[in-house]
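> Sharing start_23.cif below, mmCIF, C-alpha atoms:
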data_structure
loop_
_atom_site.group_PDB
_atom_site.id
_atom_site.type_symbol
_atom_site.label_atom_id
_atom_site.label_comp_id
_atom_site.auth_asym_id
_atom_site.auth_seq_id
_atom_site.Cartn_x
_atom_site.Cartn_y
_atom_site.Cartn_z
ATOM 1 C CA MET E 3 16.446 15.676 8.976
ATOM 2 C CA ARG E 4 14.087 13.776 6.715
ATOM 3 C CA ALA E 5 15.392 13.406 3.174
ATOM 4 C CA TRP E 6 13.048 14.769 0.560
ATOM 5 C CA HIS E 7 12.929 14.310 -3.177
ATOM 6 C CA ALA E 8 10.139 15.177 -5.566
ATOM 7 C CA PHE E 9 8.634 12.675 -7.976
ATOM 8 C CA GLY E 10 6.052 12.677 -10.705
ATOM 9 C CA LEU E 11 4.253 9.911 -8.904
ATOM 10 C CA CYS E 12 0.661 10.887 -8.984
ATOM 11 C CA LEU E 13 -2.029 11.230 -11.560
ATOM 12 C CA PHE E 14 -4.941 13.285 -10.300
ATOM 13 C CA LEU E 15 -8.174 12.868 -12.203
ATOM 14 C CA ALA E 16 -11.145 14.936 -11.176
ATOM 15 C CA THR E 17 -13.461 17.644 -12.370
ATOM 16 C CA LYS E 18 -13.411 19.332 -8.961
ATOM 17 C CA VAL E 19 -11.134 19.764 -5.997
ATOM 18 C CA LEU E 20 -11.794 17.872 -2.806
ATOM 19 C CA ALA E 21 -14.479 20.078 -1.239
ATOM 20 C CA THR E 22 -15.651 17.522 1.305
ATOM 21 C CA PRO E 23 -13.470 17.305 4.423
ATOM 22 C CA ILE E 24 -11.778 13.956 4.859
ATOM 23 C CA SER E 25 -12.222 12.618 8.365
ATOM 24 C CA THR E 26 -11.087 9.016 7.908
ATOM 25 C CA PHE E 27 -8.571 7.021 5.897
ATOM 26 C CA VAL E 28 -10.054 3.636 4.963
ATOM 27 C CA ILE E 29 -7.285 1.201 4.055
ATOM 28 C CA PHE E 30 -7.583 -1.982 2.006
ATOM 29 C CA GLY E 31 -4.430 -3.966 1.332
ATOM 30 C CA ASP E 32 -1.851 -6.503 2.413
ATOM 31 C CA SER E 33 1.252 -6.518 4.610
ATOM 32 C CA LEU E 34 2.541 -3.294 3.047
ATOM 33 C CA SER E 35 -0.378 -1.529 4.737
ATOM 34 C CA ASP E 36 -1.115 -3.795 7.719
ATOM 35 C CA SER E 37 -0.725 -1.794 10.921
ATOM 36 C CA GLY E 38 -1.434 -4.661 13.302
ATOM 37 C CA ASN E 39 -4.387 -6.720 12.074
ATOM 38 C CA SER E 40 -2.316 -9.844 11.357
ATOM 39 C CA TYR E 41 -0.487 -9.407 14.631
ATOM 40 C CA GLU E 42 -3.707 -9.377 16.633
ATOM 41 C CA TYR E 43 -5.298 -12.169 14.598
ATOM 42 C CA SER E 44 -2.269 -14.443 15.133
ATOM 43 C CA GLN E 45 -2.167 -13.637 18.849
ATOM 44 C CA HIS E 46 1.041 -11.642 18.441
ATOM 45 C CA HIS E 47 2.961 -14.281 16.472
ATOM 46 C CA ILE E 48 2.972 -12.793 12.950
ATOM 47 C CA PRO E 49 4.938 -10.702 12.298
ATOM 48 C CA ALA E 50 7.358 -11.876 14.948
ATOM 49 C CA ALA E 51 8.436 -9.506 17.702
ATOM 50 C CA PRO E 52 10.864 -8.016 18.560
ATOM 51 C CA TRP E 53 12.223 -7.856 15.037
ATOM 52 C CA TYR E 54 9.080 -6.296 13.602
ATOM 53 C CA TYR E 55 7.828 -2.986 14.918
ATOM 54 C CA GLN E 56 4.530 -3.048 16.827
ATOM 55 C CA GLY E 57 2.865 -5.576 14.536
ATOM 56 C CA ARG E 58 3.996 -3.866 11.335
ATOM 57 C CA PHE E 59 5.843 -5.746 8.606
ATOM 58 C CA SER E 60 8.804 -3.397 8.870
ATOM 59 C CA ASN E 61 11.427 -2.139 11.304
ATOM 60 C CA GLY E 62 9.411 0.960 12.201
ATOM 61 C CA PRO E 63 6.237 2.869 11.378
ATOM 62 C CA ILE E 64 4.678 2.257 7.969
ATOM 63 C CA TRP E 65 3.148 4.738 5.541
ATOM 64 C CA THR E 66 -0.235 4.728 7.284
ATOM 65 C CA ASP E 67 1.435 5.816 10.524
ATOM 66 C CA TYR E 68 3.278 8.656 8.833
ATOM 67 C CA LEU E 69 0.105 9.790 7.089
ATOM 68 C CA LEU E 70 -1.832 9.878 10.346
ATOM 69 C CA ASP E 71 0.989 11.661 12.150
ATOM 70 C CA ALA E 72 0.896 14.389 9.523
ATOM 71 C CA TYR E 73 -2.840 15.042 9.650
ATOM 72 C CA PHE E 74 -4.095 13.785 13.004
ATOM 73 C CA PRO E 75 -1.108 13.672 15.389
ATOM 74 C CA GLN E 76 -3.233 13.913 18.532
ATOM 75 C CA THR E 77 -6.136 11.666 17.521
ATOM 76 C CA ARG E 78 -4.609 9.112 15.168
ATOM 77 C CA ASN E 79 -6.758 6.113 16.007
ATOM 78 C CA GLN E 80 -9.969 8.069 15.485
ATOM 79 C CA HIS E 81 -9.210 8.684 11.831
ATOM 80 C CA ILE E 82 -8.309 5.305 10.368
ATOM 81 C CA LEU E 83 -10.246 2.185 9.455
ATOM 82 C CA SER E 84 -7.696 -0.380 8.365
ATOM 83 C CA TYR E 85 -8.763 -3.674 6.848
ATOM 84 C CA ALA E 86 -5.311 -4.451 5.436
ATOM 85 C CA PHE E 87 -4.090 -7.900 6.349
ATOM 86 C CA GLY E 88 -0.710 -9.541 5.848
ATOM 87 C CA GLY E 89 -0.881 -12.168 3.120
ATOM 88 C CA ALA E 90 -4.090 -10.801 1.626
ATOM 89 C CA GLY E 91 -4.591 -10.855 -2.115
ATOM 90 C CA VAL E 92 -7.214 -9.951 -4.647
ATOM 91 C CA LEU E 93 -8.265 -13.387 -5.869
ATOM 92 C CA GLN E 94 -9.460 -16.219 -3.663
ATOM 93 C CA THR E 95 -6.963 -19.082 -3.680
ATOM 94 C CA LYS E 96 -6.346 -22.095 -1.492
ATOM 95 C CA GLY E 97 -4.440 -21.172 1.635
ATOM 96 C CA LYS E 98 -5.006 -17.431 1.332
ATOM 97 C CA SER E 99 -6.443 -16.051 4.551
ATOM 98 C CA PHE E 100 -8.043 -12.841 3.324
ATOM 99 C CA THR E 101 -8.983 -11.191 0.056
ATOM 100 C CA LEU E 102 -9.828 -7.670 -1.027
ATOM 101 C CA THR E 103 -13.470 -8.663 -1.367
ATOM 102 C CA GLN E 104 -13.545 -9.895 2.225
ATOM 103 C CA GLU E 105 -11.913 -6.689 3.423
ATOM 104 C CA VAL E 106 -14.510 -4.602 1.601
ATOM 105 C CA ASP E 107 -17.246 -6.880 2.970
ATOM 106 C CA SER E 108 -16.062 -6.098 6.491
ATOM 107 C CA TYR E 109 -16.232 -2.376 5.855
ATOM 108 C CA LEU E 110 -19.662 -2.474 4.217
ATOM 109 C CA LEU E 111 -21.127 -4.605 6.993
ATOM 110 C CA GLY E 112 -19.931 -2.256 9.688
ATOM 111 C CA HIS E 113 -20.535 1.205 8.258
ATOM 112 C CA SER E 114 -23.453 3.093 6.792
ATOM 113 C CA SER E 115 -23.281 5.028 3.553
ATOM 114 C CA SER E 116 -23.918 8.325 5.352
ATOM 115 C CA SER E 117 -20.272 8.750 6.378
ATOM 116 C CA ALA E 118 -18.657 7.391 3.216
ATOM 117 C CA HIS E 119 -18.253 10.756 1.509
ATOM 118 C CA HIS E 120 -15.988 11.892 4.364
ATOM 119 C CA ASN E 121 -13.632 8.949 3.788
ATOM 120 C CA LEU E 122 -10.590 8.619 1.575
ATOM 121 C CA PHE E 123 -10.535 5.004 0.367
ATOM 122 C CA ILE E 124 -6.958 3.855 -0.208
ATOM 123 C CA ILE E 125 -6.377 0.586 -2.082
ATOM 124 C CA TRP E 126 -2.935 -1.006 -2.415
ATOM 125 C CA ILE E 127 -3.073 -4.738 -3.066
ATOM 126 C CA GLY E 128 -2.158 -7.444 -5.575
ATOM 127 C CA ALA E 129 1.431 -8.391 -4.788
ATOM 128 C CA ASN E 130 0.553 -11.701 -3.129
ATOM 129 C CA ASP E 131 -1.460 -12.827 -6.140
ATOM 130 C CA TYR E 132 1.777 -12.807 -8.125
ATOM 131 C CA LEU E 133 4.384 -13.709 -5.508
ATOM 132 C CA MET E 134 2.456 -16.946 -5.026
ATOM 133 C CA ASP E 135 2.246 -17.404 -8.801
ATOM 134 C CA PRO E 136 5.354 -15.901 -10.452
ATOM 135 C CA HIS E 137 4.297 -17.304 -13.822
ATOM 136 C CA ALA E 138 0.873 -15.674 -13.793
ATOM 137 C CA THR E 139 -0.740 -15.293 -17.199
ATOM 138 C CA LEU E 140 -2.136 -12.093 -18.653
ATOM 139 C CA LYS E 141 -5.601 -13.568 -18.123
ATOM 140 C CA LYS E 142 -4.963 -13.806 -14.382
ATOM 141 C CA ILE E 143 -3.584 -10.262 -14.233
ATOM 142 C CA GLU E 144 -6.678 -8.997 -16.021
ATOM 143 C CA GLN E 145 -8.838 -10.841 -13.495
ATOM 144 C CA VAL E 146 -6.950 -9.294 -10.574
ATOM 145 C CA VAL E 147 -7.531 -5.772 -11.896
ATOM 146 C CA LYS E 148 -11.151 -6.607 -12.718
ATOM 147 C CA VAL E 149 -11.845 -7.672 -9.138
ATOM 148 C CA ILE E 150 -10.199 -4.491 -7.826
ATOM 149 C CA GLN E 151 -12.547 -2.514 -10.076
ATOM 150 C CA GLN E 152 -15.563 -4.502 -8.924
ATOM 151 C CA ASN E 153 -14.786 -3.707 -5.304
ATOM 152 C CA ILE E 154 -14.313 -0.027 -6.094
ATOM 153 C CA GLU E 155 -17.762 -0.077 -7.699
ATOM 154 C CA ARG E 156 -19.204 -1.669 -4.561
ATOM 155 C CA LEU E 157 -17.773 1.187 -2.513
ATOM 156 C CA LEU E 158 -19.123 3.748 -4.976
ATOM 157 C CA LYS E 159 -22.617 2.317 -4.559
ATOM 158 C CA HIS E 160 -22.133 2.729 -0.819
ATOM 159 C CA GLY E 161 -21.451 6.452 -1.149
ATOM 160 C CA ALA E 162 -17.675 6.632 -1.645
ATOM 161 C CA THR E 163 -16.510 9.755 -3.485
ATOM 162 C CA GLN E 164 -12.736 9.857 -2.954
ATOM 163 C CA PHE E 165 -10.181 7.205 -3.877
ATOM 164 C CA MET E 166 -6.431 6.777 -3.844
ATOM 165 C CA ILE E 167 -5.148 3.781 -5.828
ATOM 166 C CA LEU E 168 -1.501 2.699 -5.659
ATOM 167 C CA SER E 169 0.475 0.772 -8.235
ATOM 168 C CA LEU E 170 2.602 -2.195 -7.200
ATOM 169 C CA PRO E 171 6.337 -1.789 -6.590
ATOM 170 C CA ASP E 172 8.639 -3.816 -8.830
ATOM 171 C CA LEU E 173 8.177 -7.314 -7.434
ATOM 172 C CA GLY E 174 11.137 -8.493 -9.481
ATOM 173 C CA GLY E 175 13.426 -6.297 -7.418
ATOM 174 C CA LEU E 176 12.532 -7.926 -4.112
ATOM 175 C CA PRO E 177 15.338 -9.888 -2.429
ATOM 176 C CA PHE E 178 12.964 -12.871 -2.525
ATOM 177 C CA ALA E 179 12.719 -12.671 -6.310
ATOM 178 C CA GLN E 180 16.431 -12.132 -6.799
ATOM 179 C CA GLU E 181 17.378 -15.082 -4.604
ATOM 180 C CA LEU E 182 15.057 -17.415 -6.534
ATOM 181 C CA GLU E 183 15.986 -15.901 -9.918
ATOM 182 C CA LEU E 184 12.397 -14.813 -10.533
ATOM 183 C CA GLY E 185 13.248 -11.180 -11.172
ATOM 184 C CA PRO E 186 12.445 -10.921 -14.910
ATOM 185 C CA GLN E 187 9.130 -12.774 -14.619
ATOM 186 C CA LEU E 188 7.882 -10.781 -11.651
ATOM 187 C CA SER E 189 9.046 -7.476 -13.128
ATOM 188 C CA GLN E 190 7.081 -8.172 -16.299
ATOM 189 C CA ILE E 191 3.997 -9.127 -14.297
ATOM 190 C CA THR E 192 4.311 -5.917 -12.280
ATOM 191 C CA GLU E 193 4.486 -3.811 -15.445
ATOM 192 C CA GLN E 194 1.422 -5.527 -16.912
ATOM 193 C CA HIS E 195 -0.553 -5.170 -13.698
ATOM 194 C CA ASN E 196 0.265 -1.490 -13.298
ATOM 195 C CA HIS E 197 -0.565 -0.725 -16.928
ATOM 196 C CA LEU E 198 -3.990 -2.328 -16.590
ATOM 197 C CA LEU E 199 -4.556 -0.727 -13.186
ATOM 198 C CA LYS E 200 -3.838 2.754 -14.514
ATOM 199 C CA GLU E 201 -6.130 2.154 -17.489
ATOM 200 C CA MET E 202 -8.840 1.037 -15.093
ATOM 201 C CA VAL E 203 -8.529 4.250 -13.066
ATOM 202 C CA HIS E 204 -8.879 6.268 -16.286
ATOM 203 C CA THR E 205 -11.982 4.280 -17.171
ATOM 204 C CA MET E 206 -13.482 4.836 -13.740
ATOM 205 C CA HIS E 207 -12.838 8.565 -13.985
ATOM 206 C CA GLU E 208 -14.689 8.712 -17.289
ATOM 207 C CA ARG E 209 -17.553 6.709 -15.838
ATOM 208 C CA TYR E 210 -17.692 8.627 -12.539
ATOM 209 C CA PRO E 211 -16.398 12.144 -13.304
ATOM 210 C CA ARG E 212 -17.696 13.637 -10.053
ATOM 211 C CA VAL E 213 -15.575 11.254 -7.988
ATOM 212 C CA ASP E 214 -12.003 12.217 -7.027
ATOM 213 C CA TRP E 215 -9.417 9.732 -8.288
ATOM 214 C CA VAL E 216 -5.757 9.757 -7.301
ATOM 215 C CA TYR E 217 -3.383 7.207 -8.825
ATOM 216 C CA VAL E 218 -0.068 7.053 -6.967
ATOM 217 C CA ASP E 219 2.744 5.403 -8.893
ATOM 218 C CA ALA E 220 4.591 3.595 -6.114
ATOM 219 C CA HIS E 221 6.402 1.633 -8.820
ATOM 220 C CA GLN E 222 8.142 4.786 -10.005
ATOM 221 C CA LEU E 223 9.304 5.592 -6.490
ATOM 222 C CA TRP E 224 10.732 2.099 -6.035
ATOM 223 C CA ARG E 225 12.451 2.237 -9.418
ATOM 224 C CA ASP E 226 14.040 5.601 -8.675
ATOM 225 C CA VAL E 227 15.236 4.398 -5.290
ATOM 226 C CA MET E 228 16.750 1.258 -6.795
ATOM 227 C CA GLN E 229 18.400 3.063 -9.710
ATOM 228 C CA HIS E 230 19.637 6.071 -7.745
ATOM 229 C CA PRO E 231 20.129 4.958 -4.127
ATOM 230 C CA GLU E 232 22.707 7.670 -3.518
ATOM 231 C CA LYS E 233 19.969 10.317 -3.882
ATOM 232 C CA TYR E 234 18.377 8.906 -0.753
ATOM 233 C CA LYS E 235 21.561 8.189 1.179
ATOM 234 C CA LEU E 236 20.942 4.477 0.732
ATOM 235 C CA THR E 237 23.927 2.160 0.614
ATOM 236 C CA ARG E 238 22.216 -1.234 0.510
ATOM 237 C CA SER E 239 19.480 -1.260 -2.084
ATOM 238 C CA LYS E 240 19.353 -4.974 -2.861
ATOM 239 C CA GLU E 241 19.946 -7.114 0.215
ATOM 240 C CA ALA E 242 17.494 -7.327 3.086
ATOM 241 C CA CYS E 243 18.330 -5.977 6.507
ATOM 242 C CA MET E 244 17.054 -9.235 7.970
ATOM 243 C CA SER E 245 17.008 -12.687 6.422
ATOM 244 C CA ILE E 246 13.974 -14.876 7.026
ATOM 245 C CA LEU E 247 13.654 -18.640 6.694
ATOM 246 C CA THR E 248 9.993 -18.877 7.628
ATOM 247 C CA GLU E 249 7.324 -16.515 8.908
ATOM 248 C CA SER E 250 8.478 -17.067 12.468
ATOM 249 C CA VAL E 251 12.181 -17.992 12.339
ATOM 250 C CA GLN E 252 14.892 -15.409 11.709
ATOM 251 C CA THR E 253 18.478 -16.206 10.787
ATOM 252 C CA LYS E 254 19.781 -13.079 12.469
ATOM 253 C CA LYS E 255 18.623 -10.119 14.472
ATOM 254 C CA PRO E 256 18.989 -7.022 12.305
ATOM 255 C CA ASP E 257 20.554 -3.733 13.185
ATOM 256 C CA ASN E 258 17.870 -1.778 15.011
ATOM 257 C CA SER E 259 17.825 1.047 12.504
ATOM 258 C CA CYS E 260 18.641 -0.764 9.242
ATOM 259 C CA VAL E 261 20.228 2.491 8.122
ATOM 260 C CA GLY E 262 20.965 2.511 4.403
ATOM 261 C CA HIS E 263 18.678 -0.409 3.563
ATOM 262 C CA VAL E 264 15.762 -0.359 1.139
ATOM 263 C CA PHE E 265 14.425 -3.717 2.310
ATOM 264 C CA PHE E 266 13.812 -4.877 5.841
ATOM 265 C CA ASP E 267 13.195 -8.511 4.901
ATOM 266 C CA GLN E 268 12.831 -10.408 1.626
ATOM 267 C CA PHE E 269 9.448 -8.838 0.892
ATOM 268 C CA HIS E 270 9.016 -5.597 2.809
ATOM 269 C CA PRO E 271 10.662 -2.169 2.731
ATOM 270 C CA THR E 272 12.195 -0.392 5.689
ATOM 271 C CA THR E 273 10.390 2.341 7.550
ATOM 272 C CA TYR E 274 12.526 4.867 5.663
ATOM 273 C CA ILE E 275 10.953 3.824 2.353
ATOM 274 C CA HIS E 276 7.489 3.913 3.908
ATOM 275 C CA ASP E 277 8.248 7.472 4.994
ATOM 276 C CA LEU E 278 9.211 8.475 1.448
ATOM 277 C CA LEU E 279 5.953 7.081 0.108
ATOM 278 C CA ALA E 280 3.878 8.776 2.796
ATOM 279 C CA GLN E 281 5.526 12.121 2.095
ATOM 280 C CA GLU E 282 4.556 11.852 -1.560
ATOM 281 C CA MET E 283 0.964 11.078 -0.585
ATOM 282 C CA ILE E 284 0.924 14.081 1.731
ATOM 283 C CA VAL E 285 2.177 16.393 -1.002
ATOM 284 C CA ARG E 286 -0.540 15.203 -3.351
ATOM 285 C CA LEU E 287 -3.244 15.618 -0.736
ATOM 286 C CA GLN E 288 -2.057 19.161 -0.074
ATOM 287 C CA HIS E 289 -2.203 19.825 -3.776
ATOM 288 C CA LEU E 290 -5.836 18.725 -3.688
ATOM 289 C CA ASP E 291 -6.555 21.445 -1.106
ATOM 290 C CA VAL E 292 -7.381 19.267 1.867
ATOM 291 C CA ARG E 293 -5.765 21.488 4.446
ATOM 292 C CA ASN E 294 -8.914 21.354 6.540
ATOM 293 C CA ILE E 295 -8.202 17.687 7.191
ATOM 294 C CA SER E 296 -5.791 18.649 9.975
ATOM 295 C CA SER E 297 -8.477 20.568 11.834
ATOM 296 C CA LYS E 298 -11.013 17.759 11.799
ATOM 297 C CA LYS E 299 -11.770 16.634 15.337
#
What's the C-alpha cells form of this structure?


Amino acid sequence: MRAWHAFGLCLFLATKVLATPISTFVIFGDSLSDSGNSYEYSQHHIPAAPWYYQGRFSNGPIWTDYLLDAYFPQTRNQHILSYAFGGAGVLQTKGKSFTLTQEVDSYLLGHSSSSAHHNLFIIWIGANDYLMDPHATLKKIEQVVKVIQQNIERLLKHGATQFMILSLPDLGGLPFAQELELGPQLSQITEQHNHLLKEMVHTMHERYPRVDWVYVDAHQLWRDVMQHPEKYKLTRSKEACMSILTESVQTKKPDNSCVGHVFFDQFHPTTYIHDLLAQEMIVRLQHLDVRNISSKK
C-alpha cells in the first residue's frame, strides 16, 4: 500500500477555479523531470542502464509518470510534452547542454497558441545552476529567478493560462553536498532561491490575476522526509542507494528496490520520493476541481 502523508506544500493563487480542461502537461526542467530525453539524445548512454529505469534518473518511475498514470492511464503519451533535460539549468554557462530558455524555445517553435490554454505548464529547474557553482552570489540567484520569470512571460504571451511552479529541494542535503562538505552553502542558496521564486509567483499573480498559479513547495516535502524519515518508513535518509564516480561508471549495482532510501544516487531521489511528490500534486489538482482531466481523450 502506498504511504500517504499530508503536507502544506502548495500555495494556490487565482481568482477563479480551473474551468478550462487540461489536456496536456508541458514540462520544463532538468534530470528531476527528464523522462527519457537525455537518454535518447545520448544514444542510450546517459543515464546508464540497467541501473537507471527506462532513461529516468532514478530507480523507477518519476513524478511525471505517476501524474500521467493518475489522470491518463490508458493514453499517457498523448498528454505530455516534456522538454526536461538532464543537466539543464536556467542560465547559459560553458559546458551546459540545455537551458530553460532553449526548452521554452522548442515548445514555442513547435506549437501554436491555440492549444496553450488547455495545457498545464510545469516548471521545476535551477538546481544545476547552483550545484555547478556552490558559492553562487545573491546576484546570480536573482538572475536565475529573473530568467525563470522571463520565460513564464514568454509562455503567457503565447496563450498560457495555467502554471505550476516548484521550489527546489534542499541541495545541501544531497549526498553529493554532504560528501564534499558543501551542505551549509547549498542549503543557504536553496533558501534564497526559493524565497525569491515564491515572491516572483506572488508578483505574477498580481500582474496576471486571471491566470491560475500553483506554487508547490517541494523543499518542504524534502525537509519533512529528512527530519522525520520514520513517518515514511524510510531507514536510509542520507546515503545514496548507488554510488557514482562519473556519469557512466558505477561503483556498485544497487538493490533493485532501494527500499528505505531517500536518494538513489548522489543527486537524485528514489522513485518512492517521486511518488510522494506526485501524490501531493494530484491532491492539489483535485482541489482545483480538474476532475474532468481524467475523461479527456

> Given the file shown, enumerate the residues that the PyMOL selection byres ((chain E and resi 194) around 12) captures and present them as a VMD selection string.

chain E and resid 132 138 to 144 146 to 147 169 to 170 172 to 173 187 to 193 195 to 201 221

> Identify all residues satisfying the PyMOL selection byres ((chain E and resi 77-81) around 12) in the given file; provide them as an MDAnalysis selection string.

chainID E and resid 24:29 37 66:76 82:84 120:122 295:299

> Name every residue that the PyMOL selection byres ((chain E and resi 166) around 9) selects in this structure, writing the answer as a PDB file with C-alpha atoms, keeping the file's coordinate frame with chains first and numbers rising.


ATOM      1  CA  LEU E 122     -10.590   8.619   1.575  1.00  0.00           C
ATOM      2  CA  PHE E 123     -10.535   5.004   0.367  1.00  0.00           C
ATOM      3  CA  ILE E 124      -6.958   3.855  -0.208  1.00  0.00           C
ATOM      4  CA  ILE E 125      -6.377   0.586  -2.082  1.00  0.00           C
ATOM      5  CA  TRP E 126      -2.935  -1.006  -2.415  1.00  0.00           C
ATOM      6  CA  GLN E 164     -12.736   9.857  -2.954  1.00  0.00           C
ATOM      7  CA  PHE E 165     -10.181   7.205  -3.877  1.00  0.00           C
ATOM      8  CA  ILE E 167      -5.148   3.781  -5.828  1.00  0.00           C
ATOM      9  CA  LEU E 168      -1.501   2.699  -5.659  1.00  0.00           C
ATOM     10  CA  ASP E 214     -12.003  12.217  -7.027  1.00  0.00           C
ATOM     11  CA  TRP E 215      -9.417   9.732  -8.288  1.00  0.00           C
ATOM     12  CA  VAL E 216      -5.757   9.757  -7.301  1.00  0.00           C
ATOM     13  CA  TYR E 217      -3.383   7.207  -8.825  1.00  0.00           C
ATOM     14  CA  VAL E 218      -0.068   7.053  -6.967  1.00  0.00           C
TER      15      VAL E 218
END

> Compare E:Met202, E:Ser33, E:Leu223, E:Phe59 by their minimum atom-to-atom distance to E:Gln281, counting all atoms listed in the file, and give me the closest one.

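Ranking E:Met202, E:Ser33, E:Leu223, E:Phe59 by distance to E:Gln281, first place goes to E:Leu223.
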
> Pick out the residues sitting within 12 Å of E:Glu183, and hand them over as a ChimeraX atom specification; count only C-alpha atoms, and ignore anything fewer than 6 positions along from it in its own chain.

/E:136,173-177,189

> Which residue, E:Val92, E:His160, E:Gly38, E:Phe265, has the smallest gap to E:Gly112 when you use all atoms listed in the file?

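Nearest to E:Gly112: E:His160.
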
> Excluding E:Ala162 and its own-chain neighbours fewer than 3 positions away, which residues fall within 7 Å of it when counting all atoms listed in the file? Please give them as a PyMOL selection string.

chain E and resi 118-119+157-158

> Suppose you want the space between atom CA of E:Ala86 and atom CA of E:Tyr43; what is it in Å?

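Going from atom CA of E:Ala86 over to atom CA of E:Tyr43, I get 12.0 Å.
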
> Measure the distance from atom CA of E:Leu184 to atom CA of E:Pro171 in Å and round it to one decimal.

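About the pair atom CA of E:Leu184 and atom CA of E:Pro171: they are 14.9 Å apart.
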
> Which polymer residues have any atom within 10 Å of an atom of stretch 98-108 of chain E, counting all atoms listed in the file, with same-chain residues fewer than 6 positions away left out, as a list of chain:residue names?

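The neighbour list is E:Val28, E:Ile29, E:Phe30, E:Gly31, E:Asp32, E:Ser84, E:Tyr85, E:Ala86, E:Phe87, E:Gly88, E:Gly89, E:Ala90, E:Gly91, E:Val92, E:Ile125, E:Trp126, E:Ile127, E:Gly128, E:Asn130, E:Asp131, E:Met134, E:Val149, E:Ile150, E:Gln152, E:Asn153, E:Ile154, E:Arg156, E:Leu157.
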
> Return as AutoDock Vina command-line options the box centre and box size in Å, one decimal, for an axis-aligned box around all listed atoms of stretch 63-72 of chain E padded by 4 Å per side.


--center_x 2.2 --center_y 8.3 --center_z 8.8 --size_x 16.1 --size_y 20.1 --size_z 14.6

> Find the residue from E:Glu42, E:Leu133, E:Gln229, E:Tyr55 that sits nearest to E:Thr272; use only C-alpha atoms when measuring.

E:Tyr55

> What does the structure give for the distance between atom CA of E:Lys235 and atom CA of E:Ile64, in Å to one decimal?

19.1 Å

> Of the candidates E:Arg212, E:Thr273, E:Tyr109, E:Cys260, which shows the shortest atom-to-atom distance to E:Arg58, using only C-alpha atoms?

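Once distances to E:Arg58 are computed over only C-alpha atoms, the minimum belongs to E:Thr273.
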
> Taking (18.2, -6.5, 4.2) as a centre in this file's frame and 6 Å as the limit, can you find every polymer residue with an atom that close, using all atoms listed in the file, and give them as an mmCIF file with C-alpha atoms, in the coordinates of the input?


data_model
loop_
_atom_site.group_PDB
_atom_site.id
_atom_site.type_symbol
_atom_site.label_atom_id
_atom_site.label_comp_id
_atom_site.auth_asym_id
_atom_site.auth_seq_id
_atom_site.Cartn_x
_atom_site.Cartn_y
_atom_site.Cartn_z
ATOM 1 C CA GLU E 241 19.946 -7.114 0.215
ATOM 2 C CA ALA E 242 17.494 -7.327 3.086
ATOM 3 C CA CYS E 243 18.330 -5.977 6.507
ATOM 4 C CA MET E 244 17.054 -9.235 7.970
ATOM 5 C CA PHE E 265 14.425 -3.717 2.310
ATOM 6 C CA PHE E 266 13.812 -4.877 5.841
ATOM 7 C CA ASP E 267 13.195 -8.511 4.901
#

> Should you be able to, write stretch 156-169 of chain E of this structure into a file that contains N, CA and C atoms, as a short mmCIF file (atom, residue, chain, number, x, y, z; two decimals), in the first residue's frame.


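Result written to decode.cif:
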data_model
loop_
_atom_site.label_atom_id
_atom_site.label_comp_id
_atom_site.auth_asym_id
_atom_site.auth_seq_id
_atom_site.Cartn_x
_atom_site.Cartn_y
_atom_site.Cartn_z
N ARG E 156 7.04 34.76 -21.56
CA ARG E 156 7.01 34.33 -22.96
C ARG E 156 5.86 33.36 -23.19
N LEU E 157 5.66 32.44 -22.26
CA LEU E 157 4.57 31.48 -22.38
C LEU E 157 3.22 32.15 -22.25
N LEU E 158 3.13 33.14 -21.36
CA LEU E 158 1.88 33.89 -21.21
C LEU E 158 1.50 34.58 -22.52
N LYS E 159 2.47 35.17 -23.18
CA LYS E 159 2.21 35.84 -24.45
C LYS E 159 1.77 34.85 -25.53
N HIS E 160 2.09 33.59 -25.31
CA HIS E 160 1.73 32.54 -26.27
C HIS E 160 0.41 31.88 -25.90
N GLY E 161 -0.28 32.41 -24.90
CA GLY E 161 -1.60 31.90 -24.57
C GLY E 161 -1.71 31.04 -23.33
N ALA E 162 -0.61 30.84 -22.60
CA ALA E 162 -0.65 30.01 -21.40
C ALA E 162 -1.52 30.65 -20.33
N THR E 163 -2.30 29.83 -19.63
CA THR E 163 -3.19 30.35 -18.58
C THR E 163 -3.09 29.56 -17.28
N GLN E 164 -2.29 28.50 -17.25
CA GLN E 164 -2.22 27.66 -16.06
C GLN E 164 -0.78 27.21 -15.82
N PHE E 165 -0.28 27.51 -14.62
CA PHE E 165 1.11 27.21 -14.29
C PHE E 165 1.22 26.49 -12.95
N MET E 166 2.18 25.59 -12.88
CA MET E 166 2.61 25.00 -11.62
C MET E 166 4.11 25.22 -11.52
N ILE E 167 4.55 25.90 -10.46
CA ILE E 167 5.96 26.20 -10.25
C ILE E 167 6.42 25.48 -8.99
N LEU E 168 7.53 24.77 -9.06
CA LEU E 168 8.04 24.03 -7.91
C LEU E 168 9.31 24.67 -7.36
N SER E 169 9.39 24.69 -6.04
CA SER E 169 10.61 25.14 -5.38
C SER E 169 11.67 24.04 -5.46
#
